[in-house]
Each structure stands twice: as C-alpha cells, then as structure tokens.
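Asks: Structure file protein.cif (mmCIF, C-alpha atoms) right here:
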data_final
#
loop_
_atom_site.label_atom_id
_atom_site.label_comp_id
_atom_site.auth_asym_id
_atom_site.auth_seq_id
_atom_site.Cartn_x
_atom_site.Cartn_y
_atom_site.Cartn_z
CA MET D 6 266.76 88.27 92.27
CA LEU D 7 267.74 88.25 95.94
CA THR D 8 267.75 92.05 96.06
CA GLU D 9 263.96 91.97 95.55
CA GLU D 10 263.23 88.65 97.23
CA LEU D 11 264.93 89.72 100.47
CA ARG D 12 263.90 93.37 100.41
CA PRO D 13 262.50 94.30 103.85
CA LYS D 14 258.72 94.25 104.17
CA LYS D 15 258.57 95.97 107.58
CA LEU D 16 260.47 98.92 109.01
CA ASP D 17 261.83 96.67 111.77
CA ASP D 18 263.53 94.57 109.08
CA VAL D 19 265.61 97.47 107.73
CA CYS D 20 269.22 96.78 108.66
CA GLY D 21 271.60 99.21 110.36
CA GLN D 22 269.46 102.39 110.44
CA GLU D 23 267.96 102.08 113.92
CA LEU D 24 267.61 105.78 114.80
CA ASN D 25 266.08 106.69 111.43
CA ILE D 26 263.56 103.86 111.75
CA LYS D 27 262.67 104.85 115.32
CA ILE D 28 261.91 108.43 114.26
CA ILE D 29 259.92 107.38 111.19
CA LYS D 30 257.84 104.94 113.25
CA GLY D 31 257.09 107.84 115.60
CA PHE D 32 255.75 109.90 112.69
CA ILE D 33 253.61 106.99 111.51
CA LYS D 34 252.22 106.41 115.00
CA LYS D 35 251.17 110.06 115.25
CA GLU D 36 249.72 109.84 111.71
CA LYS D 37 251.73 112.91 110.71
CA LEU D 38 254.16 112.12 107.92
CA PRO D 39 256.38 115.03 106.81
CA HIS D 40 258.23 115.33 103.53
CA MET D 41 261.51 113.46 104.00
CA LEU D 42 264.98 113.46 102.52
CA PHE D 43 266.98 110.23 102.61
CA SER D 44 270.66 110.73 101.84
CA GLY D 45 273.49 108.21 101.77
CA PRO D 46 275.39 105.62 99.73
CA ALA D 47 273.65 103.06 97.54
CA GLY D 48 272.57 99.85 99.23
CA THR D 49 271.99 101.31 102.70
CA GLY D 50 268.20 100.94 102.76
CA LYS D 51 266.75 104.19 101.38
CA THR D 52 264.37 102.64 98.84
CA SER D 53 263.49 99.77 101.16
CA THR D 54 262.58 102.19 103.94
CA ALA D 55 260.31 104.20 101.64
CA GLU D 56 258.50 101.04 100.55
CA CYS D 57 258.16 99.84 104.16
CA ILE D 58 256.56 103.17 105.11
CA ALA D 59 253.99 102.69 102.35
CA ARG D 60 253.34 99.09 103.39
CA GLU D 61 252.75 100.07 107.01
CA LEU D 62 250.46 102.97 106.08
CA TYR D 63 248.40 101.37 103.32
CA GLY D 64 248.63 97.61 103.91
CA ASP D 65 248.27 95.18 101.01
CA GLU D 66 247.12 97.94 98.64
CA TRP D 67 250.23 100.05 99.23
CA ARG D 68 251.17 100.17 95.56
CA GLU D 69 247.94 102.05 94.82
CA TYR D 70 249.12 104.96 96.94
CA TYR D 71 252.86 104.84 96.32
CA ILE D 72 254.56 106.36 93.28
CA GLU D 73 258.22 105.69 92.60
CA GLN D 74 260.36 107.49 90.06
CA ASN D 75 264.08 107.68 89.37
CA ALA D 76 265.08 111.28 88.71
CA SER D 77 268.18 110.25 86.79
CA ASP D 78 265.98 108.84 84.00
CA ASP D 79 264.89 112.35 83.06
CA ARG D 80 266.62 115.10 85.02
CA GLY D 81 265.22 118.19 83.33
CA ILE D 82 262.55 120.64 84.36
CA GLY D 83 260.06 119.17 81.87
CA VAL D 84 259.48 115.94 83.82
CA VAL D 85 258.99 117.92 87.03
CA ARG D 86 256.47 120.36 85.54
CA ASP D 87 254.58 117.65 83.68
CA LYS D 88 254.66 114.18 85.23
CA ILE D 89 255.54 114.96 88.87
CA LYS D 90 253.26 118.02 89.07
CA ARG D 91 250.35 116.10 87.51
CA GLU D 92 250.72 113.12 89.87
CA ALA D 93 251.22 115.31 92.95
CA GLU D 94 247.98 117.22 92.34
CA ILE D 95 245.80 114.08 92.33
CA SER D 96 244.03 113.48 95.65
CA THR D 97 243.33 110.02 97.12
CA LEU D 98 239.87 108.96 98.25
CA ASP D 99 240.66 106.51 101.04
CA PHE D 100 243.70 108.14 102.66
CA PRO D 101 244.65 111.74 103.46
CA PHE D 102 247.75 111.55 101.26
CA LYS D 103 249.78 109.39 98.93
CA ILE D 104 253.57 108.96 98.86
CA TYR D 105 255.77 110.09 95.98
CA PHE D 106 259.25 108.54 96.23
CA LEU D 107 261.75 110.35 94.02
CA ASP D 108 265.04 108.46 93.86
CA GLU D 109 268.38 110.00 92.84
CA CYS D 110 266.89 113.49 93.07
CA ASP D 111 270.43 114.90 93.21
CA ALA D 112 270.55 114.18 89.46
CA LEU D 113 267.94 116.88 88.80
CA THR D 114 269.10 120.19 87.37
CA LYS D 115 268.96 123.25 89.63
CA GLU D 116 265.96 124.55 87.66
CA ALA D 117 264.16 121.23 88.07
CA GLN D 118 264.90 121.21 91.80
CA ASP D 119 263.47 124.69 92.17
CA ALA D 120 260.31 123.65 90.32
CA LEU D 121 260.06 120.55 92.53
CA ARG D 122 260.31 122.72 95.64
CA ARG D 123 257.28 124.74 94.51
CA ILE D 124 255.30 121.58 93.74
CA ILE D 125 256.04 120.21 97.22
CA GLU D 126 254.86 123.46 98.80
CA LYS D 127 251.57 123.52 96.90
CA ASN D 128 250.61 119.84 97.37
CA THR D 129 251.47 119.12 101.00
CA ASP D 130 247.83 118.34 101.79
CA ARG D 131 247.59 115.51 99.25
CA THR D 132 251.11 114.20 98.56
CA VAL D 133 254.02 113.40 100.87
CA PHE D 134 257.36 113.44 99.07
CA ILE D 135 260.23 111.18 100.03
CA LEU D 136 263.36 112.37 98.25
CA SER D 137 266.37 110.11 98.03
CA CYS D 138 269.90 111.03 97.00
CA ASN D 139 273.50 109.92 97.25
CA TYR D 140 274.90 113.43 97.66
CA LYS D 141 272.93 115.95 99.72
CA ASN D 142 275.33 118.76 98.75
CA LYS D 143 274.02 118.59 95.17
CA LEU D 144 270.56 119.72 96.29
CA ILE D 145 269.47 123.33 96.58
CA GLU D 146 268.98 124.56 100.15
CA PRO D 147 265.26 125.52 99.74
CA LEU D 148 264.50 121.91 98.73
CA ILE D 149 266.44 120.46 101.66
CA ASN D 150 264.73 122.81 104.11
CA ARG D 151 261.26 121.54 103.18
CA CYS D 152 262.09 117.99 104.24
CA VAL D 153 263.00 116.20 107.45
CA TYR D 154 266.52 114.97 106.82
CA PHE D 155 267.51 111.33 107.43
CA PRO D 156 271.17 110.41 106.85
CA PHE D 157 271.57 106.76 105.83
CA LYS D 158 275.01 105.67 106.99
CA PRO D 159 277.02 102.78 105.53
CA LEU D 160 276.34 99.63 107.50
CA ASN D 161 279.05 98.63 109.95
CA LYS D 162 280.77 95.24 109.75
CA LYS D 163 278.80 93.86 112.68
CA ASP D 164 275.45 94.62 111.02
CA ILE D 165 276.66 93.27 107.69
CA SER D 166 278.02 90.09 109.32
CA GLU D 167 274.73 89.43 111.11
CA TYR D 168 272.85 90.01 107.86
CA ILE D 169 275.13 87.57 106.02
CA LYS D 170 274.63 84.94 108.72
CA GLY D 171 270.86 85.33 108.35
CA ILE D 172 270.97 84.81 104.58
CA ALA D 173 273.33 81.84 104.94
CA GLU D 174 271.03 80.19 107.47
CA GLN D 175 268.00 80.78 105.28
CA TYR D 176 269.67 79.06 102.31
CA ASN D 177 271.45 76.38 104.36
CA ILE D 178 274.93 77.67 103.48
CA HIS D 179 277.85 77.42 105.89
CA ILE D 180 280.34 80.28 105.81
CA GLN D 181 283.78 79.92 107.33
CA PRO D 182 284.71 82.77 109.74
CA VAL D 183 287.45 84.23 107.51
CA ALA D 184 285.13 84.07 104.49
CA LEU D 185 282.46 85.88 106.51
CA GLU D 186 284.93 88.63 107.39
CA MET D 187 285.95 88.94 103.74
CA LEU D 188 282.33 89.32 102.61
CA ALA D 189 281.68 91.95 105.27
CA SER D 190 284.76 93.92 104.16
CA ILE D 191 283.92 93.64 100.46
CA SER D 192 280.43 95.02 101.09
CA LYS D 193 281.80 98.46 102.05
CA GLY D 194 278.70 99.13 104.11
CA SER D 195 276.20 98.14 101.41
CA ILE D 196 273.86 95.16 101.31
CA ARG D 197 273.84 94.86 97.51
CA PRO D 198 277.34 93.40 96.94
CA VAL D 199 276.53 90.72 99.52
CA LEU D 200 273.27 89.79 97.81
CA ASN D 201 274.89 89.74 94.37
CA THR D 202 277.59 87.39 95.66
CA PHE D 203 275.03 85.09 97.30
CA GLU D 204 273.24 84.90 93.95
CA LYS D 205 276.38 83.21 92.61
CA PHE D 206 276.65 80.88 95.62
CA ILE D 207 273.05 79.76 95.21
CA ALA D 208 273.29 79.40 91.42
CA THR D 209 276.26 77.01 91.78
CA ASP D 210 274.86 75.13 94.80
CA GLN D 211 277.68 76.16 97.12
CA LYS D 212 277.07 74.87 100.66
CA GLU D 213 280.48 75.59 102.21
CA ILE D 214 281.93 79.05 101.61
CA THR D 215 285.70 79.31 102.02
CA PRO D 216 287.98 82.35 101.66
CA ASN D 217 289.13 81.00 98.29
CA ILE D 218 285.54 80.79 97.04
CA VAL D 219 284.88 84.37 98.15
CA SER D 220 288.00 85.56 96.29
CA ASN D 221 287.02 83.70 93.13
CA TYR D 222 283.38 84.74 93.15
CA THR D 223 283.97 88.41 93.96
CA ASN D 224 286.97 88.85 91.67
CA GLN D 225 288.89 90.80 94.31
CA ILE D 226 292.54 91.67 93.85
CA THR D 227 294.58 89.86 96.50
CA GLU D 228 297.17 91.12 98.95
CA LYS D 229 299.70 88.97 97.10
CA ASP D 230 298.95 90.78 93.82
CA ILE D 231 299.65 94.12 95.47
CA GLN D 232 302.83 92.84 97.11
CA ASN D 233 304.05 91.49 93.77
CA ILE D 234 303.61 94.77 91.91
CA MET D 235 304.98 96.89 94.77
CA SER D 236 308.09 94.67 94.97
CA MET D 237 308.90 95.62 91.37
CA ILE D 238 309.19 99.30 92.24
CA SER D 239 312.65 98.98 93.78
CA ASP D 240 314.05 97.82 90.41
CA ARG D 241 313.05 101.22 88.96
CA ASP D 242 311.94 99.59 85.71
CA VAL D 243 308.45 100.40 84.48
CA THR D 244 308.31 97.60 81.89
CA PRO D 245 307.53 94.67 84.27
CA ILE D 246 305.06 96.87 86.13
CA ASP D 247 303.27 97.81 82.91
CA ASN D 248 303.11 94.13 81.93
CA TYR D 249 301.75 93.17 85.34
CA ILE D 250 299.05 95.83 85.12
CA GLU D 251 298.00 94.64 81.65
CA ASN D 252 298.18 90.88 82.27
CA VAL D 253 297.10 90.56 85.90
CA ILE D 254 295.15 93.64 87.01
CA ILE D 255 293.40 94.52 83.75
CA GLY D 256 293.53 90.94 82.46
CA ASN D 257 291.63 89.61 85.49
CA GLY D 258 289.10 92.41 85.35
CA TYR D 259 289.84 93.77 88.80
CA GLU D 260 287.84 96.86 89.70
CA PRO D 261 290.08 99.98 89.56
CA ALA D 262 288.55 101.41 92.75
CA GLU D 263 289.33 98.19 94.62
CA VAL D 264 292.89 98.13 93.28
CA LEU D 265 293.48 101.72 94.38
CA GLU D 266 292.04 101.01 97.84
CA LYS D 267 294.35 98.00 98.30
CA ILE D 268 297.33 100.08 97.16
CA ARG D 269 296.34 102.83 99.60
CA GLU D 270 296.30 100.32 102.45
CA PHE D 271 299.74 99.01 101.41
CA ILE D 272 301.22 102.52 101.14
CA LYS D 273 300.03 103.42 104.63
CA LYS D 274 301.74 100.36 106.13
CA THR D 275 304.94 100.15 104.08
CA LYS D 276 308.33 101.28 105.43
CA MET D 277 309.86 101.79 101.98
CA LEU D 278 308.51 105.36 101.82
CA SER D 279 308.85 108.40 104.08
CA ASP D 280 305.76 110.01 105.60
CA LYS D 281 306.07 112.91 103.15
CA GLN D 282 306.24 110.53 100.20
CA LYS D 283 303.22 108.60 101.50
CA LEU D 284 301.14 111.75 101.74
CA MET D 285 302.04 112.79 98.19
CA ILE D 286 301.25 109.34 96.82
CA ILE D 287 297.94 109.04 98.70
CA LYS D 288 296.94 112.43 97.28
CA LEU D 289 297.77 111.15 93.80
CA LEU D 290 295.66 108.05 94.46
CA GLY D 291 292.69 110.33 95.07
CA ASP D 292 293.36 112.22 91.83
CA ILE D 293 293.62 108.99 89.84
CA ASP D 294 290.47 107.58 91.43
CA PHE D 295 288.64 110.74 90.33
CA ARG D 296 290.02 110.56 86.78
CA ILE D 297 288.97 106.92 86.37
CA ALA D 298 285.51 107.74 87.73
CA GLN D 299 285.28 110.49 85.08
CA GLY D 300 286.07 107.99 82.31
CA ALA D 301 289.87 107.94 82.02
CA THR D 302 291.47 104.63 80.96
CA PRO D 303 292.31 102.60 84.11
CA ALA D 304 295.44 100.96 82.65
CA ILE D 305 297.01 104.29 81.67
CA GLN D 306 296.15 105.85 85.02
CA LEU D 307 297.62 102.93 86.99
CA LYS D 308 300.80 102.95 84.91
CA THR D 309 301.16 106.68 85.47
CA PHE D 310 300.69 106.17 89.19
CA PHE D 311 303.48 103.59 89.47
CA ALA D 312 305.82 105.68 87.35
CA TYR D 313 305.25 108.49 89.84
CA ILE D 314 306.05 106.20 92.78
CA ILE D 315 309.32 105.18 91.12
CA MET D 316 310.20 108.86 90.76
CA GLN D 317 309.42 109.48 94.43
CA ILE D 318 311.55 106.60 95.67
CA GLY D 319 314.46 107.88 93.62
CA LYS D 320 314.45 111.25 95.39
#
Rewrite the structure from the file as structure tokens, please.

Replies:
Amino acid sequence: MLTEELRPKKLDDVCGQELNIKIIKGFIKKEKLPHMLFSGPAGTGKTSTAECIARELYGDEWREYYIEQNASDDRGIGVVRDKIKREAEISTLDFPFKIYFLDECDALTKEAQDALRRIIEKNTDRTVFILSCNYKNKLIEPLINRCVYFPFKPLNKKDISEYIKGIAEQYNIHIQPVALEMLASISKGSIRPVLNTFEKFIATDQKEITPNIVSNYTNQITEKDIQNIMSMISDRDVTPIDNYIENVIIGNGYEPAEVLEKIREFIKKTKMLSDKQKLMIIKLLGDIDFRIAQGATPAIQLKTFFAYIIMQIGK
C-alpha cells in the first residue's frame, strides 16, 4: 500500500506542517520531549509525525520504544486502567523514556479520559504520551492542559500539488495540469485520497493522467450532473429529479458529502435564487449533511432537499 510505502521516515519529510515540525525538532534537540496533543483532520500527518519522532530518537530500534494504540478500538475506562496503565508504568533500560501514541483519543469516554490524565501525571518520568484526535473539543480540559498542543491543518493546494508531482515523478507518471488541479481539489487537504487514487493509476499502468481519467478513477460527480439536476427545478416536478437521484447520483455511487458540496458551490453562484433563499438552502444543506453522517438514507435526504428548493423557488 502506498500509504505505508510512502509514509515519511524523517520529520523533514512531513508535508505541510512546517511550524509544528520546527517546534518538535527543537524539543528533540534539547532532549526534552513533553506530552503532546496532535489535533486535526485525517490524512494531515499526525501518525506519521509521531513515528518520525520515534525514528529520530531511537534509530533503527524505534519500534522497541514506541507503542501505538487506537482508542476507538476500545473506548472505555477498562482499557485505560489495564492496558495503558500497565504499559505506561514499564521503564526502559536504554533510554530515559518510551513513547505511547494514542490515536483517536477523542473517542474515549469522559471517565476514560480522566483516568488517562492521572496515568500521564504519574508516569511522566518513564513514558511520553502523544495523543492524537480529530476533534479537540471532545477532550476534557485537564487532559488537554497536560500536553503541548499541535494543530495539524489541512494541507493547502500548493503543498498537495507538489506532493502529487513528487509521487508522479517517482512512478514515471505524467499528469496533465488540469488533472493535477482536480486531484489537489479532491484531496480536501488530506494526503490519503491522493495515495488511494495513485494506487489505481499504478495498478492499471496509467502513464498519462488526464482529467477524464481522474473523474473516472475518483468517481466524482461532475459539474454537468449538478447542472442537469438543478435545471429540472424550474419545472417544479419532483418526479424527474427523484429519478435522476436514483439512477445517476445513487446509481453511480457518488459520495453524498461530495454531492452536497457541489450543490453548495452551485447555489452560491446561481442567479435563480435570492440571497435569502440561498442562505436558507445552504443551512438545509448543513442539516442534511449531518443527517446523512448520522446514518440517514442519502437518497431520501437528497430528494427532500430538492423538494424544499422547489418550494422556495415558488415563493
């Protein structure tokens, strides 16, 4: 898998997090590593950075002094009091401390977080904790306050584009400029979608990447699809819209979040709606996005959304 094959081995190789890396290298140079909290979206380098810290501290034997656990696998207080506490209390012989990387710690219950806070306090002399989460606001304040906070921002398009060019050069793949821009946009600030798409390019021996290939391989809804469905609204008939949602949007397996984002972009630019109507519809888009994320049926939610737009245009 490219996600593992191309994972950074040195801190200097981590993409798009220059200030964080500069500060962390300063800690390593002074041989004083604090407990740290990495927070940000998936695919922005949190796990890679933790591994690079271990590599730079411990060399080839870094895995002997680096423990990694995903808190979402078992989020209760039991795993904290048993496994994490037991591992944290073990001292190392060759180094002053080991590293315990706890990923998705925002999945832990409040009771588990409180227990973790006490474990961190009691084992600072033998274990450095690196906590990683997607949502810092889900952590209790006492846990946050015991760590140096590092926000991992989504990568900008320039960083993503340079990263894509590097992968393409490494695998002797030529990417047309428009295709490069499409890949950078699709990434949404994360390296992982780019690597997953390149897996497909490599598997099918693609050497020339065109915009059409990017569209086909990433299964992205097109601007034309959005224009087609939005053009049906003026007829004030939900039947063709429902059919289009079933046959094209759901039938092609388009991601609901991507569909909603494309619709949002169209709504912001269109002149067929007043500013007041746009604001109401964009608010509804957020509500529908939340419902789908919570498990609601995408087709029903999208049909409801377009029925609402028809109502708004008729006012």

Asks: Evaluate the PyMOL selection byres ((chain D and resi 105) around 8) and record the selected residues as a count of residues only, following the chain and residue labels used in the document.

Replies: 13

Asks: Would you kindly return, as a PyMOL selection string, each protein, DNA or RNA residue with an atom no farther than 12 Å from any atom of Lys30 (chain D), considering all atoms listed in the file and excluding same-chain residues fewer than 3 positions away?

Replies: chain D and resi 15-17+23-27+33-38+54-55+57-59+61-62

Asks: Find the residues around Leu185 (chain D) up to 10 Å (only C-alpha atoms counted), leave out those fewer than 5 positions away in its own chain, and share them as a PyMOL selection string.

Replies: chain D and resi 165-167+169-170+179-180+190-191+214-216+219

Asks: Between CA of Gln175 (chain D) and CA of Asn224 (chain D), what is the distance, to one decimal in Å?

Replies: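 Separation between CA of Gln175 (chain D) and CA of Asn224 (chain D): 24.7 Å.
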
Asks: Looking at D:Asn233, D:Pro101, D:Met41, D:Gly83, which one is nearest to Tyr63 (chain D), with distances taken over all atoms listed in the file?

Replies: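 Counting all atoms listed in the file, the residue closest to Tyr63 (chain D) is D:Pro101.
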
Asks: Could you check which of D:Arg91, D:Lys212, D:Arg269, D:Arg241 is closest to Ile293 (chain D), using all atoms listed in the file?

Replies: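 Distance minimum relative to Ile293 (chain D) lands on D:Arg269.
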
Asks: Hey, can you check how far CA of Thr49 (chain D) sits from CA of Ser195 (chain D)?

Replies: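 CA of Thr49 (chain D) sits 5.4 Å away from CA of Ser195 (chain D).
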
Asks: For a cutoff of 10 Å around the file-coordinate point (269.5, 106.7, 110.1), which residues qualify once you count all atoms listed in the file? I'd like the result as an NGL selection string.

Replies: :D and (21-29 or 43-45 or 49-51 or 154-159)

Asks: Mind pulling up the distance from CA of Pro13 (chain D) to CA of Thr52 (chain D)?

Replies: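 CA of Thr52 (chain D) sits 9.9 Å away from CA of Pro13 (chain D).
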
Asks: Could you tell me which of D:Met187, D:Met277, D:Leu7, D:Ile272 comes closest to Ser239 (chain D) if we count all atoms listed in the file?

Replies: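 Of D:Met187, D:Met277, D:Leu7, D:Ile272, the one nearest Ser239 (chain D) is D:Met277, counting all atoms listed in the file.
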
Asks: Can you list, as a list of chain:residue names, every protein, DNA or RNA residue that comes within 9 Å of Lys162 (chain D) when you count only C-alpha atoms, leaving out same-chain residues fewer than 5 positions away?

Replies: D:Glu167, D:Glu186, D:Ala189, D:Ser190, D:Ser192, D:Lys193, D:Gly194

Asks: Going by the chain IDs and residue numbers used in this file, which residues fall under the PyMOL selection byres ((chain D and resi 138-143) around 7)? Write them as a list in words.

Replies: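 On the file shown, the PyMOL selection byres ((chain D and resi 138-143) around 7) covers Phe43, Ser44, Gly45, Pro46, Ala47, Asp108, Glu109, Cys110, Asp111, Leu136, Ser137, Leu144 and Ile145 of chain D.
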
Asks: Taking only C-alpha atoms into account, which of D:Asp242, D:Asp130, D:Asp280, D:Glu263 comes nearest Tyr313 (chain D)?

Replies: D:Asp242

Asks: Kindly indicate which residue among D:Phe311, D:Phe102, D:Tyr70, D:Tyr168 lies nearest to His40 (chain D), using only C-alpha atoms for the distances.

Replies: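 With only C-alpha atoms as the atom set, the closest residue is D:Phe102.
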
Asks: How would you write, as JSON, numbers by chain, the residues chosen by the PyMOL selection byres ((chain D and resi 289) around 12) on this structure?

Replies: {"D": [265, 268, 269, 272, 282, 283, 284, 285, 286, 287, 288, 290, 291, 292, 293, 294, 295, 296, 306, 307, 309, 310, 311, 312, 313, 314, 317]}

Asks: For Gln118 (chain D), find every residue with an atom within 12 Å (counting all atoms listed in the file), except residues of its own chain fewer than 2 positions away, and show them as a count of residues only.

Replies: 33

Asks: Write out as an mmCIF file with C-alpha atoms, in the frame of the given file each polymer residue whose atoms come within 10 Å of Ile250 (chain D), counting only C-alpha atoms; drop sequence neighbours fewer than 6 positions from it.

Replies:
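Listing of around_19.cif after writing:
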data_model
loop_
_atom_site.group_PDB
_atom_site.id
_atom_site.type_symbol
_atom_site.label_atom_id
_atom_site.label_comp_id
_atom_site.auth_asym_id
_atom_site.auth_seq_id
_atom_site.Cartn_x
_atom_site.Cartn_y
_atom_site.Cartn_z
ATOM 1 C CA ILE D 234 303.610 94.770 91.910
ATOM 2 C CA THR D 244 308.310 97.600 81.890
ATOM 3 C CA GLY D 256 293.530 90.940 82.460
ATOM 4 C CA ASN D 257 291.630 89.610 85.490
ATOM 5 C CA PRO D 303 292.310 102.600 84.110
ATOM 6 C CA ALA D 304 295.440 100.960 82.650
ATOM 7 C CA ILE D 305 297.010 104.290 81.670
ATOM 8 C CA LEU D 307 297.620 102.930 86.990
ATOM 9 C CA LYS D 308 300.800 102.950 84.910
ATOM 10 C CA PHE D 311 303.480 103.590 89.470
#

Asks: Nearest to Thr223 (chain D): which of D:Val253, D:Leu188, D:Ile95, D:Ile172 is it, counting only C-alpha atoms?

Replies: D:Leu188
